[in-house]
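This report refers to the structure that appears directly beneath it.
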Amino acid sequence: MPEYKIVDSIMGSGKSLAAIDRLLDQNDGQKYLIVVPLLSEVKRYQEALDLDYGNPKPVRPLYKDGKSKLSDLKNLLRHKASRIVTTHSNFEMADDEIIDLLKSGGYDLIIDEVPQPCVHVPINTYDFRNLVAGGSVLLDEETGALTWNPEEKNYHGAFTDFKDLCLTDRLSYIKEYDAVMKIFPYKVFEACGTVWILTYMFESQVMYYYLKEHGVTYKKYSATLDSWEGIERYMFYPYDKPLDRIYDLK
């Protein structure tokens, strides 16, 4: 199981800056996949870390040559780029190949702001039950896992989008709530050595319960401005409530 490190500090406390400084200081060859919310944040990390066509090439700008974002990410992982920055939406599409590449490449993971690991899939209850009763959707009664019937692989109709979701092997039916959920595969995290999550009020988030369900334990950290070798910079420290800037922002 990976080592989980949760940086729990309010917005503007310097979590991202501390992560960037940490990456700049690190020279032990450890490779990182950095996941951020927006393309503007991808650019911010790339510029701060000077990720360009260096030799050995650490990374290149994403989304070039007409390739999809996911295929470009896979290409960077195949070349074992030392620092890769991508978006939440791209990371959420991670498949078995991404998992294998993360594992074989020995990557650590940094997630800047928490993505939603479980998302409700809106589908009419009557339509869903008809799809299951008609055999188009196969329901595992024990696990709740949903898959699309391979005998109807050529289906194109009103439920094509739902079919595509079924083909990702991420849909589950939660009987207690009569709801269909799209759940991020935990084995993506298992493929990494250390998982850093930069967030705020972690224990109030779905991600906390998602990890708890998988038996995860973690260490908490704070981000704060401090002086190091005479230079002011943002740094991580073991979690200390007085370091939470909420107390001086009232």
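As shown in the structure tokens, the chain order sets the letters A, B, ...; within each chain, residues go from 1, and ligands are also counted from 1 in the order they appear.
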Go through range 24-130 of chain A and flag each residue having an atom no more than 9 Å from range 193-208 of chain A; for those, report the closest pair of atoms plus their distance in Å to one decimal, using only C-alpha atoms, ordered by chain and rising number, as a Markdown table.
| residue | atom | partner | partner_atom | distance |
| --- | --- | --- | --- | --- |
| A:Lys103 | CA | A:Gly193 | CA | 8.2 |
| A:Gly106 | CA | A:Gly193 | CA | 6.7 |
| A:Tyr107 | CA | A:Gly193 | CA | 6.2 |
| A:Asp108 | CA | A:Thr194 | CA | 4.9 |
| A:Leu109 | CA | A:Val195 | CA | 4.7 |
| A:Ile110 | CA | A:Trp196 | CA | 4.6 |
| A:Ile111 | CA | A:Ile197 | CA | 4.8 |
| A:Asp112 | CA | A:Leu198 | CA | 4.9 |
| A:Glu113 | CA | A:Thr199 | CA | 5.0 |
| A:Val114 | CA | A:Thr199 | CA | 6.2 |
| A:Pro115 | CA | A:Met207 | CA | 7.7 |
| A:Gln116 | CA | A:Met207 | CA | 6.7 |
| A:Pro117 | CA | A:Met207 | CA | 6.2 |
| A:Cys118 | CA | A:Val206 | CA | 7.5 |
Dump as a JSON list (two decimals), in the first residue's frame, selection limited to N, CA and C atoms:
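Written output follows (out_19.json):
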[["chain", "number", "residue", "atom", "x", "y", "z"],
["A", 103, "LYS", "N", 3.33, 1.92, -12.13],
["A", 103, "LYS", "CA", 3.99, 0.92, -11.28],
["A", 103, "LYS", "C", 5.41, 0.63, -11.76],
["A", 106, "GLY", "N", 7.88, 3.54, -11.19],
["A", 106, "GLY", "CA", 8.23, 3.93, -9.81],
["A", 106, "GLY", "C", 7.82, 5.35, -9.47],
["A", 107, "TYR", "N", 6.61, 5.74, -9.86],
["A", 107, "TYR", "CA", 6.17, 7.13, -9.67],
["A", 107, "TYR", "C", 5.55, 7.37, -8.29],
["A", 108, "ASP", "N", 5.80, 8.56, -7.77],
["A", 108, "ASP", "CA", 5.02, 9.11, -6.67],
["A", 108, "ASP", "C", 3.95, 10.02, -7.28],
["A", 109, "LEU", "N", 2.89, 10.25, -6.53],
["A", 109, "LEU", "CA", 1.75, 11.01, -7.03],
["A", 109, "LEU", "C", 1.51, 12.23, -6.15],
["A", 110, "ILE", "N", 1.33, 13.39, -6.78],
["A", 110, "ILE", "CA", 0.93, 14.60, -6.07],
["A", 110, "ILE", "C", -0.39, 15.07, -6.67],
["A", 111, "ILE", "N", -1.43, 15.14, -5.84],
["A", 111, "ILE", "CA", -2.73, 15.62, -6.29],
["A", 111, "ILE", "C", -2.99, 16.98, -5.65],
["A", 112, "ASP", "N", -3.03, 18.01, -6.46],
["A", 112, "ASP", "CA", -3.28, 19.36, -5.98],
["A", 112, "ASP", "C", -4.79, 19.63, -6.07],
["A", 113, "GLU", "N", -5.42, 19.69, -4.94],
["A", 113, "GLU", "CA", -6.88, 19.76, -4.79],
["A", 113, "GLU", "C", -7.49, 18.38, -5.09],
["A", 114, "VAL", "N", -8.49, 18.03, -4.32],
["A", 114, "VAL", "CA", -9.02, 16.67, -4.35],
["A", 114, "VAL", "C", -10.06, 16.49, -5.45],
["A", 115, "PRO", "N", -9.89, 15.49, -6.32],
["A", 115, "PRO", "CA", -10.93, 15.16, -7.30],
["A", 115, "PRO", "C", -12.05, 14.38, -6.63],
["A", 116, "GLN", "N", -13.15, 14.20, -7.32],
["A", 116, "GLN", "CA", -14.25, 13.40, -6.78],
["A", 116, "GLN", "C", -14.05, 11.94, -7.17],
["A", 117, "PRO", "N", -13.80, 11.05, -6.20],
["A", 117, "PRO", "CA", -13.58, 9.64, -6.55],
["A", 117, "PRO", "C", -14.88, 8.89, -6.84],
["A", 118, "CYS", "N", -16.01, 9.44, -6.39],
["A", 118, "CYS", "CA", -17.30, 8.79, -6.61],
["A", 118, "CYS", "C", -18.29, 9.83, -7.11]]
Against range 20-33 of chain A, which residues of range 140-243 of chain A fall within 9 Å? For each one I want the closest pair of atoms and the distance in Å (one decimal), counting only C-alpha atoms, rows by chain and increasing residue number, as CSV.
residue,atom,partner,partner_atom,distance
A:Arg233,CA,A:Asp21,CA,8.0
A:Tyr234,CA,A:Asp21,CA,7.6
A:Met235,CA,A:Asp21,CA,7.9
A:Phe236,CA,A:Arg22,CA,8.8
Those residues with C-alpha atoms, as a PDB file, in the first residue's frame please?
ATOM      1  CA  ARG A 233       9.762  30.015   1.415  1.00  0.00           C
ATOM      2  CA  TYR A 234       6.705  27.829   1.851  1.00  0.00           C
ATOM      3  CA  MET A 235       7.341  24.469   3.507  1.00  0.00           C
ATOM      4  CA  PHE A 236       5.530  21.363   4.788  1.00  0.00           C
TER       5      PHE A 236
END
Non-local contacts of Ser89 in chain A (10 Å; only C-alpha atoms; under 5 positions in same chain excluded) as a list of chain:residue names: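 In the requested format, the answer is A:Val35, A:Val36, A:Pro37, A:Leu38, A:Lys69, A:Leu70, A:Ala94, A:Pro115.
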Non-local contacts of Cys166 in chain A (10 Å; only C-alpha atoms; under 3 positions in same chain excluded) as a PDB file with all heavy atoms, in the first residue's frame:
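Ended up saving to result-v2.pdb:
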ATOM      1  N   VAL A 137     -27.527  -4.488 -19.831  1.00  0.00           N
ATOM      2  CA  VAL A 137     -26.589  -4.220 -18.747  1.00  0.00           C
ATOM      3  C   VAL A 137     -26.563  -5.417 -17.813  1.00  0.00           C
ATOM      4  O   VAL A 137     -27.617  -5.926 -17.407  1.00  0.00           O
ATOM      5  CB  VAL A 137     -26.994  -2.950 -17.964  1.00  0.00           C
ATOM      6  CG1 VAL A 137     -26.121  -2.776 -16.722  1.00  0.00           C
ATOM      7  CG2 VAL A 137     -26.883  -1.720 -18.859  1.00  0.00           C
ATOM      8  N   LEU A 138     -25.336  -5.889 -17.503  1.00  0.00           N
ATOM      9  CA  LEU A 138     -25.172  -7.030 -16.612  1.00  0.00           C
ATOM     10  C   LEU A 138     -24.823  -6.519 -15.214  1.00  0.00           C
ATOM     11  O   LEU A 138     -23.866  -5.758 -15.037  1.00  0.00           O
ATOM     12  CB  LEU A 138     -24.066  -7.949 -17.125  1.00  0.00           C
ATOM     13  CG  LEU A 138     -24.233  -8.419 -18.580  1.00  0.00           C
ATOM     14  CD1 LEU A 138     -23.065  -9.303 -18.992  1.00  0.00           C
ATOM     15  CD2 LEU A 138     -25.558  -9.167 -18.759  1.00  0.00           C
ATOM     16  N   ALA A 145     -21.250  -4.316  -9.419  1.00  0.00           N
ATOM     17  CA  ALA A 145     -20.554  -3.890 -10.639  1.00  0.00           C
ATOM     18  C   ALA A 145     -21.468  -4.007 -11.860  1.00  0.00           C
ATOM     19  O   ALA A 145     -22.223  -4.977 -11.998  1.00  0.00           O
ATOM     20  CB  ALA A 145     -19.298  -4.721 -10.846  1.00  0.00           C
ATOM     21  N   LEU A 146     -21.379  -2.999 -12.734  1.00  0.00           N
ATOM     22  CA  LEU A 146     -22.185  -2.977 -13.950  1.00  0.00           C
ATOM     23  C   LEU A 146     -21.291  -3.104 -15.173  1.00  0.00           C
ATOM     24  O   LEU A 146     -20.266  -2.415 -15.278  1.00  0.00           O
ATOM     25  CB  LEU A 146     -22.976  -1.671 -14.034  1.00  0.00           C
ATOM     26  CG  LEU A 146     -23.982  -1.389 -12.907  1.00  0.00           C
ATOM     27  CD1 LEU A 146     -24.569   0.006 -13.069  1.00  0.00           C
ATOM     28  CD2 LEU A 146     -25.086  -2.432 -12.892  1.00  0.00           C
ATOM     29  N   THR A 147     -21.672  -3.967 -16.091  1.00  0.00           N
ATOM     30  CA  THR A 147     -20.938  -4.094 -17.354  1.00  0.00           C
ATOM     31  C   THR A 147     -21.956  -4.145 -18.493  1.00  0.00           C
ATOM     32  O   THR A 147     -23.112  -4.524 -18.296  1.00  0.00           O
ATOM     33  CB  THR A 147     -20.075  -5.369 -17.382  1.00  0.00           C
ATOM     34  OG1 THR A 147     -20.894  -6.499 -17.068  1.00  0.00           O
ATOM     35  CG2 THR A 147     -18.934  -5.274 -16.388  1.00  0.00           C
ATOM     36  N   TRP A 148     -21.490  -3.757 -19.660  1.00  0.00           N
ATOM     37  CA  TRP A 148     -22.354  -3.803 -20.840  1.00  0.00           C
ATOM     38  C   TRP A 148     -22.243  -5.184 -21.469  1.00  0.00           C
ATOM     39  O   TRP A 148     -21.146  -5.733 -21.613  1.00  0.00           O
ATOM     40  CB  TRP A 148     -21.945  -2.729 -21.849  1.00  0.00           C
ATOM     41  CG  TRP A 148     -22.940  -2.567 -22.964  1.00  0.00           C
ATOM     42  CD1 TRP A 148     -22.882  -3.109 -24.207  1.00  0.00           C
ATOM     43  CD2 TRP A 148     -24.162  -1.824 -22.911  1.00  0.00           C
ATOM     44  NE1 TRP A 148     -23.977  -2.752 -24.943  1.00  0.00           N
ATOM     45  CE2 TRP A 148     -24.790  -1.960 -24.167  1.00  0.00           C
ATOM     46  CE3 TRP A 148     -24.786  -1.060 -21.929  1.00  0.00           C
ATOM     47  CZ2 TRP A 148     -26.005  -1.358 -24.472  1.00  0.00           C
ATOM     48  CZ3 TRP A 148     -26.001  -0.462 -22.224  1.00  0.00           C
ATOM     49  CH2 TRP A 148     -26.601  -0.604 -23.479  1.00  0.00           C
ATOM     50  N   ASN A 149     -23.362  -5.751 -21.839  1.00  0.00           N
ATOM     51  CA  ASN A 149     -23.390  -7.086 -22.430  1.00  0.00           C
ATOM     52  C   ASN A 149     -22.584  -7.092 -23.740  1.00  0.00           C
ATOM     53  O   ASN A 149     -22.919  -6.368 -24.680  1.00  0.00           O
ATOM     54  CB  ASN A 149     -24.844  -7.486 -22.708  1.00  0.00           C
ATOM     55  CG  ASN A 149     -24.978  -8.940 -23.123  1.00  0.00           C
ATOM     56  OD1 ASN A 149     -24.037  -9.552 -23.612  1.00  0.00           O
ATOM     57  ND2 ASN A 149     -26.158  -9.495 -22.932  1.00  0.00           N
ATOM     58  N   THR A 160     -26.411   5.186 -25.510  1.00  0.00           N
ATOM     59  CA  THR A 160     -25.018   5.012 -25.947  1.00  0.00           C
ATOM     60  C   THR A 160     -24.042   5.575 -24.926  1.00  0.00           C
ATOM     61  O   THR A 160     -23.003   4.963 -24.630  1.00  0.00           O
ATOM     62  CB  THR A 160     -24.796   5.674 -27.322  1.00  0.00           C
ATOM     63  OG1 THR A 160     -25.637   5.043 -28.288  1.00  0.00           O
ATOM     64  CG2 THR A 160     -23.340   5.542 -27.757  1.00  0.00           C
ATOM     65  N   ASP A 161     -24.357   6.749 -24.366  1.00  0.00           N
ATOM     66  CA  ASP A 161     -23.468   7.348 -23.357  1.00  0.00           C
ATOM     67  C   ASP A 161     -23.347   6.448 -22.135  1.00  0.00           C
ATOM     68  O   ASP A 161     -22.251   6.284 -21.569  1.00  0.00           O
ATOM     69  CB  ASP A 161     -23.971   8.732 -22.942  1.00  0.00           C
ATOM     70  CG  ASP A 161     -23.797   9.771 -24.036  1.00  0.00           C
ATOM     71  OD1 ASP A 161     -23.031   9.491 -24.987  1.00  0.00           O
ATOM     72  OD2 ASP A 161     -24.408  10.848 -23.946  1.00  0.00           O
ATOM     73  N   PHE A 162     -24.461   5.854 -21.727  1.00  0.00           N
ATOM     74  CA  PHE A 162     -24.432   4.957 -20.576  1.00  0.00           C
ATOM     75  C   PHE A 162     -23.647   3.690 -20.920  1.00  0.00           C
ATOM     76  O   PHE A 162     -22.901   3.161 -20.084  1.00  0.00           O
ATOM     77  CB  PHE A 162     -25.858   4.605 -20.135  1.00  0.00           C
ATOM     78  CG  PHE A 162     -25.921   3.897 -18.819  1.00  0.00           C
ATOM     79  CD1 PHE A 162     -25.745   4.593 -17.637  1.00  0.00           C
ATOM     80  CD2 PHE A 162     -26.152   2.531 -18.762  1.00  0.00           C
ATOM     81  CE1 PHE A 162     -25.789   3.940 -16.409  1.00  0.00           C
ATOM     82  CE2 PHE A 162     -26.195   1.871 -17.542  1.00  0.00           C
ATOM     83  CZ  PHE A 162     -26.017   2.578 -16.365  1.00  0.00           C
ATOM     84  N   LYS A 163     -23.802   3.216 -22.146  1.00  0.00           N
ATOM     85  CA  LYS A 163     -23.024   2.059 -22.601  1.00  0.00           C
ATOM     86  C   LYS A 163     -21.532   2.360 -22.496  1.00  0.00           C
ATOM     87  O   LYS A 163     -20.754   1.531 -21.989  1.00  0.00           O
ATOM     88  CB  LYS A 163     -23.386   1.729 -24.048  1.00  0.00           C
ATOM     89  CG  LYS A 163     -22.441   0.740 -24.731  1.00  0.00           C
ATOM     90  CD  LYS A 163     -22.653   0.719 -26.231  1.00  0.00           C
ATOM     91  CE  LYS A 163     -21.524  -0.025 -26.918  1.00  0.00           C
ATOM     92  NZ  LYS A 163     -21.642   0.006 -28.398  1.00  0.00           N
ATOM     93  N   ASP A 169     -15.714  -0.020 -16.939  1.00  0.00           N
ATOM     94  CA  ASP A 169     -15.635  -0.901 -15.761  1.00  0.00           C
ATOM     95  C   ASP A 169     -15.562  -0.110 -14.454  1.00  0.00           C
ATOM     96  O   ASP A 169     -14.919  -0.549 -13.490  1.00  0.00           O
ATOM     97  CB  ASP A 169     -14.420  -1.843 -15.855  1.00  0.00           C
ATOM     98  CG  ASP A 169     -14.564  -2.844 -16.983  1.00  0.00           C
ATOM     99  OD1 ASP A 169     -15.711  -3.252 -17.259  1.00  0.00           O
ATOM    100  OD2 ASP A 169     -13.549  -3.205 -17.599  1.00  0.00           O
ATOM    101  N   ARG A 170     -16.237   1.039 -14.415  1.00  0.00           N
ATOM    102  CA  ARG A 170     -16.196   1.859 -13.206  1.00  0.00           C
ATOM    103  C   ARG A 170     -17.572   2.113 -12.605  1.00  0.00           C
ATOM    104  O   ARG A 170     -17.678   2.830 -11.616  1.00  0.00           O
ATOM    105  CB  ARG A 170     -15.531   3.209 -13.516  1.00  0.00           C
ATOM    106  CG  ARG A 170     -14.091   3.044 -13.956  1.00  0.00           C
ATOM    107  CD  ARG A 170     -13.391   4.349 -14.126  1.00  0.00           C
ATOM    108  NE  ARG A 170     -12.038   4.129 -14.610  1.00  0.00           N
ATOM    109  CZ  ARG A 170     -11.118   5.069 -14.688  1.00  0.00           C
ATOM    110  NH1 ARG A 170     -11.414   6.297 -14.325  1.00  0.00           N
ATOM    111  NH2 ARG A 170      -9.907   4.803 -15.134  1.00  0.00           N
ATOM    112  N   LEU A 171     -18.594   1.535 -13.197  1.00  0.00           N
ATOM    113  CA  LEU A 171     -19.942   1.790 -12.697  1.00  0.00           C
ATOM    114  C   LEU A 171     -20.357   0.737 -11.684  1.00  0.00           C
ATOM    115  O   LEU A 171     -20.085  -0.450 -11.854  1.00  0.00           O
ATOM    116  CB  LEU A 171     -20.948   1.809 -13.847  1.00  0.00           C
ATOM    117  CG  LEU A 171     -20.844   2.945 -14.866  1.00  0.00           C
ATOM    118  CD1 LEU A 171     -22.113   2.989 -15.710  1.00  0.00           C
ATOM    119  CD2 LEU A 171     -20.607   4.286 -14.203  1.00  0.00           C
ATOM    120  N   SER A 172     -21.031   1.195 -10.639  1.00  0.00           N
ATOM    121  CA  SER A 172     -21.565   0.294  -9.620  1.00  0.00           C
ATOM    122  C   SER A 172     -22.981   0.725  -9.260  1.00  0.00           C
ATOM    123  O   SER A 172     -23.282   1.926  -9.218  1.00  0.00           O
ATOM    124  CB  SER A 172     -20.692   0.308  -8.361  1.00  0.00           C
ATOM    125  OG  SER A 172     -19.474  -0.368  -8.580  1.00  0.00           O
ATOM    126  N   LYS A 182     -20.263   6.250 -10.516  1.00  0.00           N
ATOM    127  CA  LYS A 182     -18.995   6.031 -11.222  1.00  0.00           C
ATOM    128  C   LYS A 182     -17.891   6.168 -10.180  1.00  0.00           C
ATOM    129  O   LYS A 182     -17.746   7.217  -9.556  1.00  0.00           O
ATOM    130  CB  LYS A 182     -18.817   7.057 -12.339  1.00  0.00           C
ATOM    131  CG  LYS A 182     -17.525   6.874 -13.129  1.00  0.00           C
ATOM    132  CD  LYS A 182     -17.391   7.954 -14.192  1.00  0.00           C
ATOM    133  CE  LYS A 182     -16.072   7.832 -14.944  1.00  0.00           C
ATOM    134  NZ  LYS A 182     -15.887   8.919 -15.929  1.00  0.00           N
TER     135      LYS A 182
END
Expected answer as a PyMOL selection string: strand (DSSP E or B) residues in range 137-247 of chain A: chain A and resi 137-139+145-148+171-174+179-183+194-199+218-228+231-238
Could you check the closest approach to Ile183 in chain A for each of A:Gly144, A:Gly215, A:Gly12, A:Pro2 and tell me which residue wins, using only C-alpha atoms? A:Gly144
